[in-house]
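Below is one structure, written out as structure tokens; the observations come after it.
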Amino acid sequence: MALEKTLSIIKPDAVQKNIIGEICSKFEQAGLRIVAAKMAHLSVQKVQEFYAVHKDRHFFGQLVNFMSSGPVMIQVLEGEDAIKLNRELMGATNPTKAEPGTLRYSFARDNTEDEMHKNIVHGSDSPETAATEISFFFQTEEICPRNN
Ligand code: CMP
């Protein structure tokens, strides 16, 4: 296992539900450490840039509207196998298909099929994506890794 960093976004639906703390507790209880954090209300342009890989997908407009609709909490999480561990904690992209115990199951399982974009959290899906996504939101000096 490797010590990794991954980017997490607690999305506008979770901020609206006032469950930032609960979600952060789940990260910490699983062994992840929050090494950078900021709240932001992202502009349409910033969201379009962040999710540019999805720009030709049918859900892109809906996703951009949603992610720019209210504040988000953006974090860098650090830990052993952090990328995979965070994705396990999040559960399936579609909350109606997420396993019990995952964040998306716990907080969005009652979403309708057309609310798939409202899935509580985002997490990087590979080491390459994590590096790109972390540098999209954070300067090096804003990240405070564990002192060994
Ligand atoms: P996220 O992990 O942030 O990565 C891309 C996002 O696009 C995803 O979570 C969902 O919010 C959204 N998304 C992915 N697939 C669909 C879909 N089929 N319909 C609506 N939204 C989607």
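Following the order of the structure tokens, chains are lettered A, B, ..., residues in each are numbered from 1, and ligands are numbered from 1.
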Could you pull the residues within 8 Å of A:Met67, counting only C-alpha atoms, minus those fewer than 5 positions along the same chain, as a list in words?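 Once the nearby chain positions are removed, what remains is Lys11, Pro12, Leu42, Val47 and Val72 of chain A.
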Within 10 Å of stretch 138-145 of chain A using only C-alpha atoms, minus same-chain residues under 3 positions, as a PyMOL selection string: chain A and resi 5+7+33-38+74-79+133-135+148
Distance limit 8 Å, reference ligand 1, atoms considered: only C-alpha atoms and all ligand atoms. Which residues make the cut? Give them as number ranges by chain. A: 9, 51, 54, 58-60, 62-63, 93-94, 114-119, 121-124
Produce a file of the selected residues containing C-alpha atoms, as a PDB file, in the first residue's frame.
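As written to disk, part.pdb reads:
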ATOM      1  CA  ILE A   9     -15.570  17.574  -2.866  1.00  0.00           C
ATOM      2  CA  TYR A  51     -15.447  18.476 -15.230  1.00  0.00           C
ATOM      3  CA  HIS A  54     -17.481  15.061 -19.256  1.00  0.00           C
ATOM      4  CA  HIS A  58     -25.705  14.259 -21.834  1.00  0.00           C
ATOM      5  CA  PHE A  59     -25.619  15.150 -18.128  1.00  0.00           C
ATOM      6  CA  PHE A  60     -22.933  17.870 -18.386  1.00  0.00           C
ATOM      7  CA  GLN A  62     -27.207  19.412 -15.289  1.00  0.00           C
ATOM      8  CA  LEU A  63     -23.928  18.644 -13.498  1.00  0.00           C
ATOM      9  CA  THR A  93     -21.917   7.083  -8.581  1.00  0.00           C
ATOM     10  CA  ASN A  94     -25.672   6.497  -8.738  1.00  0.00           C
ATOM     11  CA  ASP A 114     -32.953  11.828 -12.744  1.00  0.00           C
ATOM     12  CA  GLU A 115     -31.109  13.149  -9.664  1.00  0.00           C
ATOM     13  CA  MET A 116     -27.997  11.025 -10.182  1.00  0.00           C
ATOM     14  CA  HIS A 117     -25.780  14.130 -10.334  1.00  0.00           C
ATOM     15  CA  LYS A 118     -26.806  14.970  -6.737  1.00  0.00           C
ATOM     16  CA  ASN A 119     -24.543  12.352  -5.230  1.00  0.00           C
ATOM     17  CA  VAL A 121     -19.392  13.674  -2.775  1.00  0.00           C
ATOM     18  CA  HIS A 122     -16.770  13.606  -5.496  1.00  0.00           C
ATOM     19  CA  GLY A 123     -13.474  11.724  -5.229  1.00  0.00           C
ATOM     20  CA  SER A 124     -10.535  11.360  -7.619  1.00  0.00           C
TER      21      SER A 124
END
If you run DSSP on the backbone, which residues of stretch 42-106 of chain A are alpha helix (DSSP H), as a ChimeraX atom specification? /A:44-50,60-67,82-90,103-106
Of the candidates A:Lys55, A:Lys46, A:Arg87, A:Arg109, which shows the shortest atom-to-atom distance to A:Phe137, using only C-alpha atoms? A:Lys46
Give the answer as one residue: which of A:Asp56, A:Thr102, A:Gln48, A:Thr132 has the shortest atom-to-atom distance to A:Ile23, using only C-alpha atoms?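 Distance minimum relative to A:Ile23 lands on A:Thr102.
Across the model, the gap from atom CA of A:Pro71 to atom CA of A:Gly21 is 14.7 Å.
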